[in-house]
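Enquirer: Below is final_23.csv; it holds CSV, C-alpha atoms.
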chain,number,residue,atom,x,y,z
A,278,MET,CA,31.5,-36.0,-5.1
A,279,LYS,CA,31.9,-32.3,-4.6
A,280,LYS,CA,29.8,-31.6,-7.7
A,281,LEU,CA,27.0,-33.9,-6.4
A,282,SER,CA,27.1,-32.3,-2.9
A,283,LEU,CA,26.8,-28.8,-4.5
A,284,LEU,CA,24.0,-30.0,-6.7
A,285,LEU,CA,22.1,-31.4,-3.7
A,286,LEU,CA,22.6,-28.2,-1.8
A,287,CYS,CA,21.2,-26.2,-4.7
A,288,VAL,CA,18.2,-28.5,-4.9
A,289,VAL,CA,17.5,-28.3,-1.1
A,290,VAL,CA,17.8,-24.5,-1.1
A,291,GLY,CA,15.6,-24.3,-4.2
A,292,PHE,CA,12.9,-26.4,-2.5
A,293,GLN,CA,13.1,-24.3,0.7
A,294,SER,CA,12.7,-21.1,-1.4
A,295,LEU,CA,9.8,-22.6,-3.3
A,296,SER,CA,8.1,-23.8,-0.2
A,297,GLN,CA,8.4,-20.4,1.4
A,298,THR,CA,6.9,-18.9,-1.8
A,299,GLU,CA,4.1,-21.4,-1.7
A,300,LYS,CA,3.6,-21.0,2.1
A,301,TYR,CA,3.0,-17.2,1.7
A,302,ALA,CA,1.4,-17.2,-1.7
A,303,GLN,CA,-2.0,-16.1,-0.3
A,304,ASP,CA,-0.4,-13.1,1.3
A,305,VAL,CA,0.6,-11.6,-2.1
A,306,SER,CA,-2.4,-12.7,-4.2
A,307,SER,CA,-4.3,-9.4,-3.9
A,308,GLU,CA,-4.0,-5.8,-2.8
A,309,ASP,CA,-6.1,-6.5,0.3
A,310,ALA,CA,-4.1,-9.7,1.1
A,311,ILE,CA,-0.7,-8.0,1.0
A,312,ILE,CA,-1.8,-5.1,3.1
A,313,LYS,CA,-3.4,-7.4,5.7
A,314,ALA,CA,-0.2,-9.5,5.7
A,315,LEU,CA,2.0,-6.4,6.2
A,316,TYR,CA,0.0,-5.2,9.3
A,317,ASP,CA,-0.3,-8.7,10.6
A,318,VAL,CA,3.3,-9.8,10.4
A,319,ILE,CA,4.7,-6.8,12.4
A,320,SER,CA,2.0,-7.0,15.1
A,321,GLY,CA,2.4,-9.0,18.3
A,322,GLU,CA,2.9,-9.3,22.0
A,323,PRO,CA,6.1,-8.3,23.7
A,324,GLY,CA,8.8,-10.9,23.2
A,325,THR,CA,6.9,-12.6,20.4
A,326,THR,CA,9.2,-13.4,17.4
A,327,ARG,CA,7.7,-12.1,14.2
A,328,ASP,CA,7.6,-14.3,11.1
A,329,TRP,CA,10.4,-12.4,9.3
A,330,ALA,CA,10.4,-14.9,6.4
A,331,ARG,CA,6.8,-13.9,5.8
A,332,PHE,CA,7.7,-10.2,6.0
A,333,ARG,CA,10.6,-10.6,3.5
A,334,ASN,CA,8.3,-12.4,1.0
A,335,LEU,CA,6.2,-9.2,0.7
A,336,PHE,CA,9.1,-7.2,-0.7
A,337,LEU,CA,11.4,-7.0,-3.7
A,338,PRO,CA,15.1,-7.0,-2.9
A,339,GLU,CA,15.3,-3.3,-3.9
A,340,SER,CA,12.3,-2.3,-1.8
A,341,ARG,CA,12.6,0.5,0.8
A,342,LEU,CA,10.9,1.5,4.0
A,343,ILE,CA,11.1,5.2,4.7
A,344,PRO,CA,9.9,6.5,8.1
A,345,THR,CA,9.7,10.2,8.8
A,346,ARG,CA,11.7,11.0,11.9
A,347,LYS,CA,13.0,14.0,13.8
A,348,ASN,CA,16.7,14.6,14.3
A,349,ASP,CA,18.3,15.9,17.5
A,350,ALA,CA,17.5,19.5,16.4
A,351,GLY,CA,13.8,18.6,16.0
A,352,GLU,CA,13.9,18.9,12.2
A,353,LEU,CA,11.9,16.4,10.1
A,354,ILE,CA,14.1,14.0,8.2
A,355,LEU,CA,13.8,10.7,6.3
A,356,LYS,CA,15.5,7.4,7.1
A,357,THR,CA,15.7,4.9,4.3
A,358,LEU,CA,15.8,1.2,5.2
A,359,THR,CA,16.0,-2.0,3.3
A,360,PRO,CA,13.6,-4.7,4.6
A,361,GLU,CA,16.6,-6.3,6.4
A,362,GLU,CA,17.5,-3.0,8.0
A,363,TYR,CA,13.9,-2.6,9.1
A,364,ILE,CA,13.9,-6.0,10.7
A,365,THR,CA,17.1,-5.2,12.6
A,366,LEU,CA,15.7,-1.8,13.8
A,367,PHE,CA,12.4,-3.3,14.8
A,368,GLN,CA,14.0,-6.0,16.8
A,369,SER,CA,16.3,-3.6,18.6
A,370,ARG,CA,13.6,-1.0,19.4
A,371,VAL,CA,10.3,-2.6,19.9
A,372,ALA,CA,10.4,-4.1,23.4
A,373,THR,CA,6.8,-3.6,24.2
A,374,GLY,CA,3.9,-5.1,22.3
A,375,PHE,CA,3.2,-3.6,19.0
A,376,PHE,CA,-0.1,-3.8,17.1
A,377,GLU,CA,-0.7,-1.8,14.0
A,378,ARG,CA,-4.0,-1.9,12.1
A,379,GLU,CA,-5.4,-0.2,9.0
A,380,LEU,CA,-8.2,2.3,9.6
A,381,SER,CA,-8.9,3.3,6.0
A,382,ARG,CA,-7.4,3.2,2.6
A,383,LYS,CA,-7.3,5.3,-0.6
A,384,THR,CA,-6.0,3.6,-3.7
A,385,GLU,CA,-5.0,4.7,-7.1
A,386,SER,CA,-3.7,2.3,-9.7
A,387,PHE,CA,-2.6,2.0,-13.3
A,388,GLY,CA,-1.2,-1.1,-15.0
A,389,THR,CA,1.4,-2.5,-12.7
A,390,VAL,CA,1.5,0.5,-10.3
A,391,TYR,CA,-0.7,0.7,-7.2
A,392,HIS,CA,-0.4,3.6,-4.8
A,393,LEU,CA,-2.2,3.3,-1.4
A,394,PHE,CA,-2.6,5.8,1.4
A,395,SER,CA,-3.2,3.5,4.3
A,396,THR,CA,-4.2,5.2,7.5
A,397,TYR,CA,-3.1,3.3,10.5
A,398,GLU,CA,-3.2,3.2,14.3
A,399,THR,CA,-0.8,1.6,16.7
A,400,LYS,CA,-1.2,0.2,20.2
A,401,GLU,CA,1.2,-1.5,22.6
A,402,LYS,CA,-1.6,-3.9,23.7
A,403,LYS,CA,-4.1,-5.5,21.3
A,404,ASP,CA,-7.0,-4.1,23.3
A,405,GLY,CA,-5.1,-1.1,24.7
A,406,PRO,CA,-5.3,2.6,24.0
A,407,VAL,CA,-4.1,4.0,20.7
A,408,THR,CA,-0.5,5.2,21.0
A,409,ASN,CA,-0.1,6.7,17.5
A,410,ARG,CA,-1.8,7.1,14.1
A,411,GLY,CA,-0.5,8.0,10.7
A,412,ILE,CA,-0.4,7.3,7.1
A,413,ASN,CA,1.6,4.6,5.2
A,414,SER,CA,2.1,5.7,1.6
A,415,ILE,CA,2.6,2.3,0.0
A,416,GLN,CA,3.6,1.5,-3.5
A,417,LEU,CA,2.9,-1.9,-4.9
A,418,PHE,CA,4.1,-3.6,-8.1
A,419,LYS,CA,1.6,-6.0,-9.6
A,420,ASP,CA,3.1,-8.6,-12.0
A,421,LYS,CA,1.1,-11.4,-13.6
A,422,ASN,CA,1.5,-13.6,-10.6
A,423,ARG,CA,1.5,-11.5,-7.4
A,424,TYR,CA,1.9,-8.2,-5.7
A,425,TYR,CA,5.1,-6.8,-4.2
A,426,ILE,CA,5.7,-3.9,-1.9
A,427,VAL,CA,8.1,-1.5,-3.6
A,428,ASN,CA,8.1,1.3,-1.0
A,429,ILE,CA,6.5,2.3,2.3
A,430,PHE,CA,6.9,5.9,3.2
A,431,TRP,CA,5.2,6.9,6.4
A,432,CYS,CA,4.5,9.8,8.7
A,433,ALA,CA,2.9,9.5,12.2
A,434,GLU,CA,0.9,12.1,14.0
A,435,SER,CA,3.7,12.1,16.6
A,436,MET,CA,5.7,14.1,14.0
A,437,GLY,CA,3.4,17.0,14.8
A,438,PHE,CA,0.6,16.5,12.3
A,439,SER,CA,-3.0,15.7,12.6
A,440,LEU,CA,-4.7,13.3,10.2
A,441,PRO,CA,-7.2,14.9,7.9
A,442,GLU,CA,-10.7,13.6,8.1
A,443,LYS,CA,-10.7,12.4,4.5
A,444,TYR,CA,-8.1,9.8,5.4
A,445,LEU,CA,-10.1,8.5,8.4
A,446,LYS,CA,-13.2,7.5,6.3
Please rewrite the model in this file as structure tokens.

Expert:
Amino acid sequence: MKKLSLLLLCVVVGFQSLSQTEKYAQDVSSEDAIIKALYDVISGEPGTTRDWARFRNLFLPESRLIPTRKNDAGELILKTLTPEEYITLFQSRVATGFFERELSRKTESFGTVYHLFSTYETKEKKDGPVTNRGINSIQLFKDKNRYYIVNIFWCAESMGFSLPEKYLK
């Protein structure tokens, strides 16, 4: 009886994972689709629960998100996060609305490797003023079936930099 229960549990979990993969298959079908899904899934009104299952589906387990930050002394530092750590940080810090959209993109690729410089802007209200801009340096892995985000390393203008014109076109 225990073996049958364990087998049924494995089948149910397998179907749930498969259905999640199928549910979000369009999100990872192309370079454009995965970037659109990335910006879409983190954007929303205050108090709106994000679709974190959709977010997780964009990444590999070993993927990292790496924001540029300033420490207490004002020095630029990096913070390396897993997708799960990013979710926790996002949920604890973003009390206002948060809308991020891509302004432009520069892409280089070879084989399975895609590197994108994705210029973005953020707002607290969908139609509100721009609160920040920056560049997401995104690495994608393309296998025969889909795209995965490997890394996102970003720097915002709020770190003391201005976006070069070539990344705004």

Enquirer: With all atoms listed in the file as the basis for distance, which of A:Ser414, A:Thr325, A:Gln303, A:Ser439 is at the shortest distance from Thr384 (chain A)?

Expert: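 For Thr384 (chain A), the nearest of the candidates is A:Ser414.
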
Enquirer: What's the 9 Å shell around Asn334 (chain A), counting all atoms listed in the file, without same-chain residues fewer than 3 positions away, as an MDAnalysis selection string?

Expert: chainID A and resid 297:298 301:302 304:305 329:331 337 425

Enquirer: Figure out the distance between CA of Ser320 (chain A) and CA of Gln368 (chain A), please, to one decimal in Å.

Expert: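 Straight-line distance from CA of Gln368 (chain A) to CA of Ser320 (chain A) works out to 12.2 Å.
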
Enquirer: Which value, in Å to one decimal, gives the distance between CA of Leu380 (chain A) and CA of Ala433 (chain A)?

Expert: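 According to the coordinates, CA of Leu380 (chain A) and CA of Ala433 (chain A) are separated by 13.5 Å.
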
Enquirer: Counting all atoms listed in the file, which of A:Glu352, A:Glu339, A:Glu362, A:Glu379 gets nearest to Gly437 (chain A)?

Expert: A:Glu352

Enquirer: Compare A:Phe376, A:Thr326, A:Thr359, A:Ile364 by their minimum atom-to-atom distance to Pro338 (chain A), counting all atoms listed in the file, and give me the closest one.

Expert: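 Of A:Phe376, A:Thr326, A:Thr359, A:Ile364, the one nearest Pro338 (chain A) is A:Thr359, counting all atoms listed in the file.
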
Enquirer: Which one is closest to Lys402 (chain A): A:Phe387, A:Thr373, A:Glu299, A:Asp420? Count all atoms listed in the file.

Expert: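 The shortest atom-to-atom distance to Lys402 (chain A) comes from A:Thr373.
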
Enquirer: Taking all atoms listed in the file into account, name the residue in A:Val427, A:Leu335, A:Leu366, A:Cys432 that is nearest to Ala310 (chain A).

Expert: A:Leu335

Enquirer: With all atoms listed in the file as the basis for distance, which of A:Gly388, A:Gly321, A:Gly351, A:Pro360 is at the shortest distance from Lys403 (chain A)?

Expert: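 Closest to Lys403 (chain A), using all atoms listed in the file: A:Gly321.
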
Enquirer: Take CA of Arg410 (chain A) and CA of Tyr397 (chain A) and report the distance between them in Å, one decimal.

Expert: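 For CA of Arg410 (chain A) relative to CA of Tyr397 (chain A), the distance reads 5.4 Å.
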
Enquirer: Taking (-12.8, 9.7, 10.0) in the file's own coordinates, collect the residues within 12 Å, counting all atoms listed in the file, and hand them back as a list in words.

Expert: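 Within the cut-off we find Leu380, Ser381, Arg382, Thr396, Tyr397, Ser439, Leu440, Pro441, Glu442, Lys443, Tyr444, Leu445 and Lys446 of chain A.
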
Enquirer: List the neighbours of Phe332 (chain A) out to 9 Å using all atoms listed in the file; skip same-chain residues closer than 5 positions along the sequence, and give me the result as an MDAnalysis selection string.

Expert: chainID A and resid 314:315 318:319 327 360 364

Enquirer: Can I get region 363-391 of chain A with N, CA and C atoms filled in, as a compact mmCIF listing (two decimals), keeping the file's coordinate frame?

Expert:
# COMPACT_ATOMS: atom_id res chain seq x y z
N TYR A 363 15.12 -2.76 8.34
CA TYR A 363 13.90 -2.60 9.10
C TYR A 363 13.75 -3.65 10.18
N ILE A 364 13.99 -4.89 9.79
CA ILE A 364 13.90 -6.00 10.70
C ILE A 364 14.85 -5.79 11.90
N THR A 365 16.09 -5.44 11.60
CA THR A 365 17.10 -5.20 12.60
C THR A 365 16.65 -4.05 13.56
N LEU A 366 16.19 -2.95 12.98
CA LEU A 366 15.70 -1.80 13.80
C LEU A 366 14.55 -2.17 14.63
N PHE A 367 13.58 -2.86 14.04
CA PHE A 367 12.40 -3.30 14.80
C PHE A 367 12.75 -4.13 15.97
N GLN A 368 13.59 -5.12 15.74
CA GLN A 368 14.00 -6.00 16.80
C GLN A 368 14.73 -5.33 17.93
N SER A 369 15.48 -4.29 17.60
CA SER A 369 16.30 -3.60 18.60
C SER A 369 15.47 -2.52 19.36
N ARG A 370 14.35 -2.08 18.80
CA ARG A 370 13.60 -1.00 19.40
C ARG A 370 12.26 -1.30 19.97
N VAL A 371 11.63 -2.33 19.49
CA VAL A 371 10.30 -2.60 19.90
C VAL A 371 10.30 -3.67 21.03
N ALA A 372 10.40 -3.19 22.27
CA ALA A 372 10.40 -4.10 23.40
C ALA A 372 9.04 -4.34 23.98
N THR A 373 8.14 -3.41 23.72
CA THR A 373 6.80 -3.60 24.20
C THR A 373 5.99 -4.34 23.13
N GLY A 374 4.74 -4.60 23.39
CA GLY A 374 3.90 -5.10 22.30
C GLY A 374 3.73 -4.08 21.26
N PHE A 375 3.42 -4.53 20.07
CA PHE A 375 3.20 -3.60 19.00
C PHE A 375 2.11 -4.15 18.09
N PHE A 376 1.06 -3.38 17.97
CA PHE A 376 -0.10 -3.80 17.10
C PHE A 376 -0.42 -2.61 16.22
N GLU A 377 -0.36 -2.85 14.93
CA GLU A 377 -0.70 -1.80 14.00
C GLU A 377 -1.84 -2.36 13.11
N ARG A 378 -2.86 -1.51 12.90
CA ARG A 378 -4.00 -1.90 12.10
C ARG A 378 -4.39 -0.80 11.14
N GLU A 379 -4.92 -1.18 10.01
CA GLU A 379 -5.40 -0.20 9.00
C GLU A 379 -6.76 0.31 9.43
N LEU A 380 -6.91 1.63 9.35
CA LEU A 380 -8.20 2.30 9.60
C LEU A 380 -8.97 2.58 8.37
N SER A 381 -8.27 2.99 7.33
CA SER A 381 -8.90 3.30 6.00
C SER A 381 -7.84 3.26 4.96
N ARG A 382 -8.30 3.27 3.72
CA ARG A 382 -7.40 3.20 2.60
C ARG A 382 -7.92 3.94 1.39
N LYS A 383 -7.05 4.68 0.72
CA LYS A 383 -7.30 5.30 -0.60
C LYS A 383 -6.35 4.73 -1.56
N THR A 384 -6.86 4.23 -2.69
CA THR A 384 -6.00 3.60 -3.70
C THR A 384 -6.15 4.18 -5.05
N GLU A 385 -5.05 4.35 -5.72
CA GLU A 385 -5.00 4.70 -7.10
C GLU A 385 -4.16 3.68 -7.83
N SER A 386 -4.53 3.31 -9.04
CA SER A 386 -3.70 2.30 -9.70
C SER A 386 -3.78 2.53 -11.25
N PHE A 387 -2.73 2.04 -11.88
CA PHE A 387 -2.60 2.00 -13.30
C PHE A 387 -1.65 0.94 -13.72
N GLY A 388 -2.09 0.01 -14.54
CA GLY A 388 -1.20 -1.10 -15.00
C GLY A 388 -0.60 -1.82 -13.85
N THR A 389 0.71 -1.76 -13.75
CA THR A 389 1.40 -2.50 -12.70
C THR A 389 1.61 -1.68 -11.42
N VAL A 390 1.20 -0.41 -11.44
CA VAL A 390 1.50 0.50 -10.30
C VAL A 390 0.22 0.70 -9.47
N TYR A 391 0.39 0.47 -8.18
CA TYR A 391 -0.70 0.70 -7.20
C TYR A 391 -0.09 1.62 -6.13
